[in-house]
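Student: query.txt is the file, holding compact mmCIF, C-alpha atoms (C1' of nucleotides):
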# COMPACT_ATOMS: atom_id res chain seq x y z
CA MET A 1 33.90 -6.91 -13.34
CA VAL A 2 31.05 -7.53 -11.01
CA GLN A 3 32.98 -9.93 -8.84
CA LYS A 4 35.07 -7.03 -7.65
CA LEU A 5 32.05 -5.67 -5.87
CA HIS A 6 32.53 -7.36 -2.54
CA THR A 7 35.55 -5.18 -1.85
CA ALA A 8 38.10 -7.79 -0.84
CA PRO A 9 38.07 -7.80 2.95
CA ASP A 10 41.44 -7.32 4.61
CA ALA A 11 40.68 -10.40 6.66
CA SER A 12 42.22 -12.47 3.86
CA GLY A 13 45.36 -13.05 5.84
CA PRO A 14 48.76 -11.49 5.18
CA SER A 15 48.63 -9.90 1.78
CA PRO A 16 51.27 -11.02 -0.73
CA ALA A 17 52.58 -7.51 -1.21
CA GLY A 18 52.85 -6.98 2.53
CA ASP A 19 50.89 -3.80 2.09
CA PRO A 20 47.81 -3.89 4.33
CA GLU A 21 46.18 -1.34 2.05
CA PRO A 22 44.00 0.12 4.78
CA LYS A 23 40.59 1.15 3.62
CA SER A 24 40.14 4.79 2.92
CA THR A 25 38.10 6.72 5.44
CA ARG A 26 35.54 7.24 2.74
CA GLU A 27 35.12 3.51 2.32
CA ARG A 28 34.94 2.96 6.04
CA ILE A 29 32.18 5.54 6.29
CA LEU A 30 30.25 3.72 3.59
CA ASP A 31 30.69 0.37 5.30
CA VAL A 32 29.40 1.66 8.61
CA ALA A 33 26.56 3.52 6.96
CA LEU A 34 25.58 0.43 5.00
CA ASP A 35 25.19 -1.63 8.15
CA LEU A 36 23.28 1.07 9.99
CA PHE A 37 21.00 1.88 7.08
CA ILE A 38 20.11 -1.79 6.79
CA ASP A 39 19.57 -2.24 10.49
CA LYS A 40 17.75 0.93 11.47
CA GLY A 41 16.77 2.38 8.15
CA PHE A 42 18.15 5.47 6.41
CA ASP A 43 15.90 7.99 8.11
CA LYS A 44 16.35 6.71 11.62
CA THR A 45 20.13 6.64 11.30
CA SER A 46 21.77 9.90 12.29
CA LEU A 47 25.14 11.15 11.14
CA ARG A 48 26.11 11.35 14.78
CA GLU A 49 25.65 7.60 15.05
CA ILE A 50 27.76 6.87 12.00
CA ALA A 51 30.51 9.18 13.23
CA GLU A 52 30.43 7.71 16.71
CA GLN A 53 30.80 4.16 15.48
CA LEU A 54 33.71 5.28 13.36
CA GLY A 55 35.42 7.15 16.16
CA VAL A 56 35.25 10.54 14.50
CA THR A 57 32.93 13.51 14.69
CA LYS A 58 30.01 14.49 12.54
CA ALA A 59 31.92 17.28 10.89
CA ALA A 60 34.52 14.85 9.60
CA LEU A 61 31.86 13.11 7.55
CA TYR A 62 31.12 16.36 5.75
CA TYR A 63 34.67 16.47 4.50
CA HIS A 64 34.06 13.25 2.59
CA PHE A 65 30.42 13.66 1.65
CA ALA A 66 28.43 16.75 0.82
CA SER A 67 25.30 15.54 2.58
CA LYS A 68 23.64 12.56 4.16
CA GLU A 69 21.88 11.79 0.92
CA ASP A 70 25.24 11.83 -0.79
CA ILE A 71 26.24 8.85 1.34
CA LEU A 72 23.13 7.00 0.27
CA MET A 73 23.85 7.86 -3.33
CA ALA A 74 27.36 6.45 -3.08
CA LEU A 75 25.92 3.20 -1.78
CA HIS A 76 23.35 3.22 -4.54
CA MET A 77 26.13 3.32 -7.08
CA ARG A 78 27.32 -0.07 -5.92
CA LEU A 79 24.04 -1.60 -7.01
CA HIS A 80 24.04 0.42 -10.16
CA GLU A 81 27.39 -0.99 -11.27
CA PHE A 82 26.15 -4.40 -10.33
CA GLY A 83 23.12 -4.41 -12.55
CA ALA A 84 24.53 -2.37 -15.40
CA GLU A 85 25.82 -5.18 -17.57
CA ALA A 86 23.10 -7.63 -16.61
CA MET A 87 20.37 -5.23 -17.63
CA GLY A 88 22.32 -4.23 -20.70
CA ARG A 89 22.13 -7.77 -21.93
CA ILE A 90 18.41 -8.13 -21.50
CA GLY A 91 17.85 -4.64 -22.81
CA THR A 92 19.30 -5.34 -26.22
CA HIS A 93 17.48 -8.59 -26.96
CA GLU A 94 13.76 -9.00 -27.12
CA PRO A 95 12.96 -10.07 -23.59
CA THR A 96 11.84 -13.65 -23.28
CA ALA A 97 11.10 -15.80 -20.28
CA ALA A 98 13.95 -18.11 -21.24
CA LEU A 99 16.52 -15.32 -21.40
CA TRP A 100 15.21 -13.87 -18.17
CA GLY A 101 15.64 -17.22 -16.50
CA GLU A 102 19.23 -17.61 -17.70
CA LEU A 103 20.10 -14.15 -16.49
CA LEU A 104 18.42 -14.63 -13.15
CA GLU A 105 20.18 -17.92 -12.55
CA GLU A 106 23.52 -16.28 -13.22
CA MET A 107 22.63 -13.46 -10.86
CA VAL A 108 21.76 -15.68 -7.91
CA ASP A 109 25.35 -16.22 -6.81
CA GLN A 110 26.25 -12.60 -7.29
CA MET A 111 23.23 -11.55 -5.29
CA LEU A 112 24.23 -13.92 -2.52
CA ALA A 113 27.73 -12.47 -2.52
CA ASN A 114 26.39 -8.93 -2.40
CA ARG A 115 23.49 -9.52 -0.06
CA LYS A 116 23.92 -6.31 1.82
CA ILE A 117 23.58 -3.99 -1.14
CA PHE A 118 20.33 -5.61 -2.17
CA LEU A 119 19.08 -5.68 1.38
CA LEU A 120 19.81 -1.98 1.67
CA HIS A 121 17.63 -1.22 -1.31
CA GLU A 122 14.87 -3.57 -0.29
CA ARG A 123 14.63 -1.96 3.10
CA ASN A 124 14.93 1.68 2.05
CA GLN A 125 12.77 1.93 -1.01
CA ALA A 126 11.21 5.17 0.08
CA ALA A 127 14.56 6.83 0.66
CA PHE A 128 15.87 5.80 -2.74
CA GLU A 129 12.74 7.01 -4.45
CA ALA A 130 13.14 10.40 -2.83
CA LEU A 131 16.67 10.36 -4.15
CA HIS A 132 15.46 9.70 -7.66
CA ARG A 133 12.73 12.28 -7.53
CA GLN A 134 15.06 15.18 -7.06
CA GLU A 135 17.45 14.11 -9.78
CA HIS A 136 15.15 13.99 -12.74
CA GLU A 137 18.28 13.32 -14.74
CA ALA A 138 17.98 12.48 -18.39
CA ALA A 139 19.29 8.94 -18.56
CA HIS A 140 17.45 7.19 -15.81
CA ASP A 141 19.09 3.90 -16.57
CA ASP A 142 18.28 2.53 -13.21
CA LEU A 143 17.98 -1.12 -12.40
CA GLN A 144 14.39 -0.87 -11.25
CA GLU A 145 13.52 1.29 -14.22
CA GLN A 146 14.76 -1.39 -16.58
CA PHE A 147 12.79 -3.99 -14.72
CA ARG A 148 9.61 -2.01 -15.10
CA LYS A 149 10.18 -1.62 -18.79
CA VAL A 150 10.64 -5.31 -19.43
CA LEU A 151 7.71 -6.31 -17.26
CA SER A 152 5.47 -3.82 -19.04
CA ASP A 153 6.51 -4.90 -22.50
CA PRO A 154 3.30 -5.70 -24.43
CA ARG A 155 5.22 -7.97 -26.79
CA VAL A 156 5.68 -10.42 -23.96
CA PRO A 157 2.77 -12.76 -23.16
CA THR A 158 0.98 -11.83 -19.95
CA ARG A 159 1.73 -15.15 -18.39
CA ASP A 160 5.45 -14.72 -18.98
CA ARG A 161 5.47 -11.21 -17.58
CA VAL A 162 3.94 -12.42 -14.36
CA ARG A 163 6.26 -15.40 -14.23
CA MET A 164 9.29 -13.17 -14.70
CA ALA A 165 8.28 -10.98 -11.79
CA ALA A 166 7.45 -14.03 -9.71
CA SER A 167 10.77 -15.73 -10.36
CA PHE A 168 12.64 -12.63 -9.32
CA GLY A 169 10.54 -12.33 -6.20
CA ALA A 170 11.18 -15.96 -5.41
CA VAL A 171 14.93 -15.44 -5.51
CA MET A 172 14.74 -12.27 -3.45
CA ALA A 173 12.60 -13.95 -0.83
CA GLY A 174 14.97 -16.89 -0.68
CA ILE A 175 17.96 -14.66 -0.09
CA PHE A 176 16.43 -12.01 2.13
CA VAL A 177 13.89 -14.12 3.92
CA ALA A 178 12.77 -12.59 7.18
CA GLY A 179 15.71 -12.25 9.52
CA ASN A 180 18.03 -15.22 9.55
CA ALA A 181 15.74 -18.19 9.14
CA PHE A 182 18.06 -19.63 6.48
CA ASP A 183 21.34 -19.13 8.28
CA ASP A 184 21.74 -22.88 8.66
CA ILE A 185 21.64 -23.37 4.91
CA SER A 186 24.95 -23.06 3.08
CA SER A 187 25.25 -20.53 0.28
CA SER A 188 25.91 -23.17 -2.31
CA GLU A 189 22.90 -25.22 -1.31
CA LEU A 190 20.68 -22.18 -1.23
CA SER A 191 21.95 -21.10 -4.61
CA GLN A 192 21.22 -24.50 -6.08
CA LEU A 193 17.73 -24.64 -4.61
CA LEU A 194 16.88 -21.17 -5.85
CA ARG A 195 18.14 -21.79 -9.35
CA SER A 196 16.09 -24.94 -9.46
CA THR A 197 13.05 -22.95 -8.39
CA VAL A 198 13.65 -20.40 -11.12
CA ARG A 199 13.68 -23.17 -13.71
CA ASP A 200 10.38 -24.52 -12.41
CA VAL A 201 8.75 -21.11 -12.59
CA LEU A 202 10.02 -20.18 -16.03
CA GLY A 203 10.46 -23.57 -17.67
CA MET B 204 -14.24 -12.06 8.80
CA VAL B 205 -11.29 -11.09 6.75
CA GLN B 206 -13.38 -9.83 3.88
CA LYS B 207 -14.51 -7.00 6.06
CA LEU B 208 -11.03 -5.57 5.92
CA HIS B 209 -11.43 -3.37 2.91
CA THR B 210 -13.70 -1.05 4.86
CA ALA B 211 -16.68 -0.86 2.55
CA PRO B 212 -16.19 2.34 0.55
CA ASP B 213 -19.08 4.78 0.60
CA ALA B 214 -18.87 4.78 -3.18
CA SER B 215 -21.18 1.80 -3.16
CA GLY B 216 -24.08 3.90 -4.30
CA PRO B 217 -27.06 4.92 -2.20
CA SER B 218 -27.01 2.83 0.90
CA PRO B 219 -30.16 0.87 1.69
CA ALA B 220 -30.68 2.63 4.99
CA GLY B 221 -30.24 6.03 3.38
CA ASP B 222 -27.57 6.81 5.93
CA PRO B 223 -24.36 7.84 4.18
CA GLU B 224 -22.46 6.73 7.28
CA PRO B 225 -19.62 9.21 6.81
CA LYS B 226 -16.25 7.86 7.82
CA SER B 227 -15.09 8.84 11.25
CA THR B 228 -12.32 11.39 11.42
CA ARG B 229 -10.15 8.71 12.88
CA GLU B 230 -10.65 6.54 9.82
CA ARG B 231 -10.00 9.44 7.49
CA ILE B 232 -6.74 10.15 9.25
CA LEU B 233 -5.71 6.54 8.81
CA ASP B 234 -6.62 6.60 5.12
CA VAL B 235 -4.57 9.70 4.43
CA ALA B 236 -1.67 8.43 6.52
CA LEU B 237 -1.73 5.11 4.70
CA ASP B 238 -1.33 6.77 1.33
CA LEU B 239 1.41 9.10 2.51
CA PHE B 240 3.32 6.41 4.38
CA ILE B 241 3.31 4.28 1.25
CA ASP B 242 4.29 7.10 -1.03
CA LYS B 243 6.93 8.93 1.00
CA GLY B 244 7.67 6.52 3.79
CA PHE B 245 6.76 6.79 7.45
CA ASP B 246 9.74 8.85 8.54
CA LYS B 247 9.59 11.38 5.75
CA THR B 248 5.88 11.99 6.30
CA SER B 249 5.20 14.73 8.82
CA LEU B 250 2.07 15.13 10.87
CA ARG B 251 1.74 18.59 9.38
CA GLU B 252 1.38 16.99 5.95
CA ILE B 253 -1.29 14.58 7.08
CA ALA B 254 -3.23 17.33 8.80
CA GLU B 255 -2.95 19.64 5.80
CA GLN B 256 -4.28 17.06 3.40
CA LEU B 257 -7.15 16.50 5.77
CA GLY B 258 -7.94 20.16 6.21
CA VAL B 259 -7.27 20.23 9.93
CA THR B 260 -4.33 21.15 12.12
CA LYS B 261 -1.65 19.02 13.64
CA ALA B 262 -3.12 19.36 17.11
CA ALA B 263 -6.37 17.81 15.94
CA LEU B 264 -4.55 14.60 15.15
CA TYR B 265 -3.43 14.35 18.74
CA TYR B 266 -7.01 14.17 19.87
CA HIS B 267 -7.42 10.93 17.94
CA PHE B 268 -3.96 9.43 18.34
CA ALA B 269 -1.48 9.66 21.17
CA SER B 270 1.53 9.84 18.89
CA LYS B 271 2.71 9.45 15.34
CA GLU B 272 3.73 5.88 16.06
CA ASP B 273 0.23 5.26 17.32
CA ILE B 274 -1.05 5.97 13.84
CA LEU B 275 1.36 3.46 12.39
CA MET B 276 0.31 0.95 15.00
CA ALA B 277 -3.35 1.37 14.10
CA LEU B 278 -2.49 0.64 10.49
CA HIS B 279 -0.44 -2.33 11.56
CA MET B 280 -3.49 -3.78 13.26
CA ARG B 281 -5.22 -4.06 9.93
CA LEU B 282 -2.57 -6.48 8.76
CA HIS B 283 -2.56 -8.24 12.07
CA GLU B 284 -6.25 -9.04 11.87
CA PHE B 285 -5.72 -10.12 8.32
CA GLY B 286 -3.11 -12.74 9.05
CA ALA B 287 -4.37 -13.89 12.42
CA GLU B 288 -6.56 -16.73 11.29
CA ALA B 289 -4.37 -17.70 8.36
CA MET B 290 -1.34 -18.09 10.59
CA GLY B 291 -3.40 -19.77 13.23
CA ARG B 292 -4.22 -22.53 10.82
CA ILE B 293 -0.63 -23.20 9.79
CA GLY B 294 0.54 -22.80 13.36
CA THR B 295 -1.46 -25.68 14.70
CA HIS B 296 -0.56 -28.28 12.09
CA GLU B 297 2.91 -29.48 11.31
CA PRO B 298 3.90 -27.19 8.48
CA THR B 299 4.14 -28.86 5.12
CA ALA B 300 4.74 -27.49 1.66
CA ALA B 301 1.33 -28.70 0.57
CA LEU B 302 -0.51 -26.93 3.37
CA TRP B 303 1.56 -23.81 2.81
CA GLY B 304 0.56 -23.85 -0.83
CA GLU B 305 -3.14 -24.19 -0.08
CA LEU B 306 -2.99 -21.35 2.36
CA LEU B 307 -1.02 -19.11 0.04
CA GLU B 308 -3.42 -19.72 -2.81
CA GLU B 309 -6.33 -18.72 -0.64
CA MET B 310 -4.48 -15.61 0.45
CA VAL B 311 -3.77 -14.34 -3.05
CA ASP B 312 -7.18 -12.79 -3.59
CA GLN B 313 -7.25 -11.29 -0.12
CA MET B 314 -3.81 -9.82 -0.66
CA LEU B 315 -4.94 -8.33 -3.94
CA ALA B 316 -7.95 -6.80 -2.24
CA ASN B 317 -5.80 -5.35 0.52
CA ARG B 318 -2.83 -4.35 -1.56
CA LYS B 319 -2.19 -1.14 0.30
CA ILE B 320 -1.78 -2.68 3.72
CA PHE B 321 0.82 -5.10 2.45
CA LEU B 322 2.53 -2.41 0.46
CA LEU B 323 2.74 -0.28 3.57
CA HIS B 324 4.55 -3.00 5.42
CA GLU B 325 6.81 -3.89 2.56
CA ARG B 326 7.94 -0.31 2.22
CA ASN B 327 8.32 0.53 5.91
CA GLN B 328 9.99 -2.51 7.37
CA ALA B 329 12.40 -0.44 9.41
CA ALA B 330 9.63 1.62 10.97
CA PHE B 331 7.63 -1.45 11.93
CA GLU B 332 10.67 -3.12 13.42
CA ALA B 333 11.29 -0.10 15.58
CA LEU B 334 7.68 -0.37 16.65
CA HIS B 335 8.13 -3.97 17.68
CA ARG B 336 11.38 -3.34 19.49
CA GLN B 337 9.85 -1.04 22.04
CA GLU B 338 6.88 -3.25 22.78
CA HIS B 339 8.63 -6.38 23.91
CA GLU B 340 5.19 -7.64 24.74
CA ALA B 341 4.73 -11.22 25.80
CA ALA B 342 2.68 -12.68 22.99
CA HIS B 343 4.51 -11.59 19.89
CA ASP B 344 2.08 -13.32 17.61
CA ASP B 345 3.05 -11.26 14.67
CA LEU B 346 2.66 -12.34 11.09
CA GLN B 347 6.33 -12.06 10.25
CA GLU B 348 7.27 -13.79 13.48
CA GLN B 349 5.12 -16.75 12.55
CA PHE B 350 6.68 -16.85 9.12
CA ARG B 351 10.15 -16.99 10.57
CA LYS B 352 9.20 -19.82 12.85
CA VAL B 353 7.80 -21.98 10.08
CA LEU B 354 10.68 -21.28 7.73
CA SER B 355 13.20 -22.17 10.44
CA ASP B 356 11.47 -25.37 11.42
CA PRO B 357 14.08 -28.14 11.29
CA ARG B 358 11.37 -30.76 10.82
CA VAL B 359 10.74 -29.40 7.35
CA PRO B 360 13.10 -30.49 4.55
CA THR B 361 15.48 -27.75 3.47
CA ARG B 362 14.17 -27.81 -0.05
CA ASP B 363 10.62 -27.21 1.14
CA ARG B 364 11.64 -24.37 3.43
CA VAL B 365 13.26 -22.57 0.54
CA ARG B 366 10.34 -23.29 -1.73
CA MET B 367 7.89 -21.92 0.83
CA ALA B 368 9.77 -18.67 1.07
CA ALA B 369 10.16 -18.54 -2.69
CA SER B 370 6.46 -19.08 -3.35
CA PHE B 371 5.55 -16.30 -0.99
CA GLY B 372 8.08 -14.00 -2.60
CA ALA B 373 6.69 -14.89 -6.00
CA VAL B 374 3.20 -13.82 -4.98
CA MET B 375 4.43 -10.64 -3.36
CA ALA B 376 6.44 -9.71 -6.41
CA GLY B 377 3.49 -10.38 -8.66
CA ILE B 378 1.23 -8.12 -6.65
CA PHE B 379 3.63 -5.35 -5.72
CA VAL B 380 5.82 -5.42 -8.76
CA ALA B 381 7.69 -2.20 -9.30
CA GLY B 382 5.25 0.63 -9.74
CA ASN B 383 2.33 -0.18 -11.99
CA ALA B 384 3.78 -2.46 -14.63
CA PHE B 385 0.85 -4.84 -14.22
CA ASP B 386 -1.94 -2.30 -14.24
CA ASP B 387 -3.16 -3.63 -17.57
CA ILE B 388 -3.71 -7.09 -16.10
CA SER B 389 -7.06 -7.71 -14.44
CA SER B 390 -7.13 -8.83 -10.85
CA SER B 391 -8.76 -12.11 -11.68
CA GLU B 392 -6.22 -12.95 -14.36
CA LEU B 393 -3.34 -11.98 -12.10
CA SER B 394 -4.79 -14.04 -9.31
CA GLN B 395 -5.09 -17.06 -11.54
CA LEU B 396 -1.55 -16.72 -12.88
CA LEU B 397 -0.09 -16.34 -9.42
CA ARG B 398 -1.94 -19.31 -8.01
CA SER B 399 -0.73 -21.38 -10.90
CA THR B 400 2.82 -20.26 -10.18
CA VAL B 401 2.48 -21.23 -6.54
CA ARG B 402 1.43 -24.70 -7.57
CA ASP B 403 4.47 -25.04 -9.84
CA VAL B 404 6.81 -23.97 -7.07
CA LEU B 405 5.36 -26.17 -4.36
CA GLY B 406 3.93 -29.03 -6.36
C1' DG C 407 41.47 15.60 7.61
C1' DT C 408 39.60 16.20 11.81
C1' DC C 409 38.22 19.06 15.51
C1' DT C 410 35.02 22.50 18.45
C1' DA C 411 31.48 25.21 18.30
C1' DT C 412 27.12 27.00 16.37
C1' DA C 413 23.65 28.11 13.05
C1' DT C 414 19.22 26.65 11.11
C1' DT C 415 15.39 23.99 10.46
C1' DT C 416 11.96 20.75 11.24
C1' DC C 417 9.39 17.88 13.77
C1' DG C 418 6.79 15.66 17.48
C1' DA C 419 4.24 16.90 21.28
C1' DT C 420 1.72 19.83 24.90
C1' DA C 421 -1.17 23.64 27.04
C1' DG C 422 -5.15 25.94 27.14
C1' DA C 423 -8.94 28.68 24.84
C1' DC C 424 -13.19 27.96 22.33
C1' DG D 425 -13.23 18.05 18.49
C1' DT D 426 -10.60 21.56 16.66
C1' DC D 427 -8.01 25.67 17.15
C1' DT D 428 -3.63 28.94 18.21
C1' DA D 429 0.66 29.20 20.15
C1' DT D 430 4.69 27.39 21.85
C1' DC D 431 8.06 24.22 23.85
C1' DG D 432 11.90 21.15 23.60
C1' DA D 433 14.54 17.92 21.24
C1' DA D 434 17.10 16.26 17.58
C1' DA D 435 18.93 16.47 13.22
C1' DT D 436 21.43 18.36 9.13
C1' DA D 437 24.72 21.39 7.86
C1' DT D 438 28.30 25.23 8.24
C1' DA D 439 32.33 28.20 9.99
C1' DG D 440 36.67 28.44 11.28
C1' DA D 441 40.66 26.82 14.19
C1' DC D 442 44.32 23.33 14.23
Kindly present the structure from the file in structure tokens form.

Tutor:
Amino acid sequence: MVQKLHTAPDASGPSPAGDPEPKSTRERILDVALDLFIDKGFDKTSLREIAEQLGVTKAALYYHFASKEDILMALHMRLHEFGAEAMGRIGTHEPTAALWGELLEEMVDQMLANRKIFLLHERNQAAFEALHRQEHEAAHDDLQEQFRKVLSDPRVPTRDRVRMAASFGAVMAGIFVAGNAFDDISSSELSQLLRSTVRDVLG
Amino acid sequence: MVQKLHTAPDASGPSPAGDPEPKSTRERILDVALDLFIDKGFDKTSLREIAEQLGVTKAALYYHFASKEDILMALHMRLHEFGAEAMGRIGTHEPTAALWGELLEEMVDQMLANRKIFLLHERNQAAFEALHRQEHEAAHDDLQEQFRKVLSDPRVPTRDRVRMAASFGAVMAGIFVAGNAFDDISSSELSQLLRSTVRDVLG
DNA sequence: GTCTATATTTCGATAGAC
DNA sequence: GTCTATCGAAATATAGAC
């Protein structure tokens, strides 16, 4: 279910059905916005810029999205789907360092495959918080919210709580390390090295 | 030299000289801006807000700072001073995992003491990048720049490069973990647990 | 669905008095 | 060093034609 997230690029050669299945304008808007929001940040990216890079006008965007924040919300949903089942699993069991480690190791490859979505959130924390503030919706089953809950759980030994946070941070740093310092490392090698690190932190 | 960073709060009781040494307006502006930039982000914080919380008008700010970005730059300097000597040390030697670990362990306590400055940078990466783009100054001896250089160094084994990044991410996550999930853990205990984690990652 | 206007607001920044 | 008043720019968002 999660694998589907990296919306199969049309660069996969001639499709079997012969149908190019061109991306919807809505999807193309999201793709452009994702890149710009990562590069320049949500606030410093104007709708004019997004429209220009897409070859349409600002007004066209408003046909597909009610507001600029609505675009951000749509992108947020991609992460939400991503973490839904993962967090569901850890939410039901009593959280332990061992289970956390298993889960995190499984997530490494998925995080690598969906780098951009995580990068977007890492680099626009303030914008997403503002988003959450105004929708004080009942079920705040957010990914970060779940994280906080587990890491605050008094049933878990202090040492393990810190190690859980640290292991996650280690993976994030490995994947999103400043700029492109790891571009010469293959995904599979990086994945292996990070999973090994997780084991050392939580083992 | 670095210890001086957390600008001795005037809450340290009656000062020996009897002089309360009230903070300069400039410093008070920076303090308010720091909190707001962390909480709402640089872009979503208006000068009007800063001035209001300070009990002055917008125009007063312009007497102390040439622009809004100038305020951000002044805050950036606090981090710059912080990392100058640390990075100087690792810059001269051939970077090794062992040296990196030593340095990182020493930094943990200083990072804990200067949480806010690091948090500011973590949460406003886009704003700081924009700052750096327009000053294509010669000596770009920035903290992040130095990090990139070390982590890209081909002389260092791939495994160690990843572990260096991971160990730093582990510390960052431990200190800035989502919200206040670790508020019940004392600084000294957190420091000890994080340094132990660093050793496990790099040892 | 996309366009050409235009409305509305907010913000950063400046001028000049005190 | 701080104020009042205002400028000019840029952005989000809307109205209505095609």

Student: Would you mind telling me which residue in A:Met73, A:Val162, A:Met111, A:Leu202 lies nearest to Ala130 (chain A) when using only C-alpha atoms?

Tutor: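 Looking at the shortest contact to Ala130 (chain A), the residue is A:Met73.
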
Student: Could you write out as a PDB file with C-alpha atoms, in the coordinates of the input the residues of chain B within 12 Å of chain C, counting all atoms listed in the file?

Tutor:
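Final output, saved to iface.pdb:
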ATOM      1  CA  ASP B 246       9.740   8.850   8.540  1.00  0.00           C
ATOM      2  CA  LYS B 247       9.590  11.380   5.750  1.00  0.00           C
ATOM      3  CA  THR B 248       5.880  11.990   6.300  1.00  0.00           C
ATOM      4  CA  SER B 249       5.200  14.730   8.820  1.00  0.00           C
ATOM      5  CA  LEU B 250       2.070  15.130  10.870  1.00  0.00           C
ATOM      6  CA  ARG B 251       1.740  18.590   9.380  1.00  0.00           C
ATOM      7  CA  GLU B 252       1.380  16.990   5.950  1.00  0.00           C
ATOM      8  CA  LYS B 261      -1.650  19.020  13.640  1.00  0.00           C
ATOM      9  CA  ALA B 262      -3.120  19.360  17.110  1.00  0.00           C
ATOM     10  CA  ALA B 263      -6.370  17.810  15.940  1.00  0.00           C
ATOM     11  CA  LEU B 264      -4.550  14.600  15.150  1.00  0.00           C
ATOM     12  CA  TYR B 265      -3.430  14.350  18.740  1.00  0.00           C
ATOM     13  CA  TYR B 266      -7.010  14.170  19.870  1.00  0.00           C
ATOM     14  CA  PHE B 268      -3.960   9.430  18.340  1.00  0.00           C
ATOM     15  CA  ALA B 269      -1.480   9.660  21.170  1.00  0.00           C
ATOM     16  CA  SER B 270       1.530   9.840  18.890  1.00  0.00           C
ATOM     17  CA  LYS B 271       2.710   9.450  15.340  1.00  0.00           C
ATOM     18  CA  GLU B 272       3.730   5.880  16.060  1.00  0.00           C
TER      19      GLU B 272
END

Student: Which residues of chain B come within 8 Å of chain A, and for each one, what is the closest pair of atoms and their distance in Å to one decimal, counting all atoms listed in the file, sorted by chain and residue number, as a tab-separated table?

Tutor:
residue	atom	partner	partner_atom	distance
B:Asp242	CA	A:Ala126	CA	7.3
B:Lys243	CA	A:Ala126	CA	5.8
B:Gly244	CA	A:Ala126	CA	5.3
B:Asp246	CA	A:Asp43	CA	6.2
B:Lys247	CA	A:Asp43	CA	7.5
B:Arg326	CA	A:Gln125	CA	6.2
B:Asn327	CA	A:Arg123	CA	7.3
B:Gln328	CA	A:Arg123	CA	6.3
B:Ala329	CA	A:Gly41	CA	5.4
B:Ala330	CA	A:Gly41	CA	7.7
B:Ala333	CA	A:Lys40	CA	7.7
B:Gln347	CA	A:Ala178	CA	7.2
B:Phe350	CA	A:Ala178	CA	7.7
B:Arg351	CA	A:Ala181	CA	5.9
B:Lys352	CA	A:Ala181	CA	7.7
B:Leu354	CA	A:Ala181	CA	6.1
B:Ser355	CA	A:Ala181	CA	4.9
B:Thr361	CA	A:Ile185	CA	7.7
B:Arg362	CA	A:Leu193	CA	6.6
B:Val365	CA	A:Gly174	CA	6.1
B:Arg366	CA	A:Thr197	CA	7.2
B:Ala368	CA	A:Gly174	CA	5.8
B:Ala369	CA	A:Ala170	CA	3.9
B:Ser370	CA	A:Ala170	CA	6.0
B:Phe371	CA	A:Ala170	CA	7.2
B:Gly372	CA	A:Ala170	CA	4.6
B:Ala373	CA	A:Ala166	CA	3.9
B:Val374	CA	A:Ala166	CA	6.4
B:Met375	CA	A:Gly169	CA	6.9
B:Ala376	CA	A:Gly169	CA	4.9
B:Gly377	CA	A:Ala166	CA	5.5
B:Val380	CA	A:Ala165	CA	6.8
B:Ala381	CA	A:Arg148	CA	6.1
B:Gly382	CA	A:Arg148	CA	7.4
B:Ala384	CA	A:Ser152	CA	4.9
B:Phe385	CA	A:Ser152	CA	6.8
B:Ile388	CA	A:Thr158	CA	7.7
B:Leu393	CA	A:Val162	CA	7.6
B:Leu396	CA	A:Arg159	CA	6.6
B:Leu397	CA	A:Val162	CA	7.5
B:Thr400	CA	A:Val201	CA	6.5
B:Asp403	CA	A:Val201	CA	6.4
B:Val404	CA	A:Asp200	CA	6.4

Student: Can you tell me which residues surround Leu346 (chain B) at a distance of at most 8 Å, considering only C-alpha atoms (C1' of nucleotides), apart from same-chain residues fewer than 4 positions away, and format the answer as a list of chain:residue names?

Tutor: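 Non-adjacent residues within range: B:His283, B:Gly286, B:Ala287, B:Met290, B:Phe350.
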
Student: Can you work out which residues from chain D touch chain A at a cut-off of 9 Å (counting all atoms listed in the file) and hand them back as an MDAnalysis selection string?

Tutor: chainID D and resid 435:437
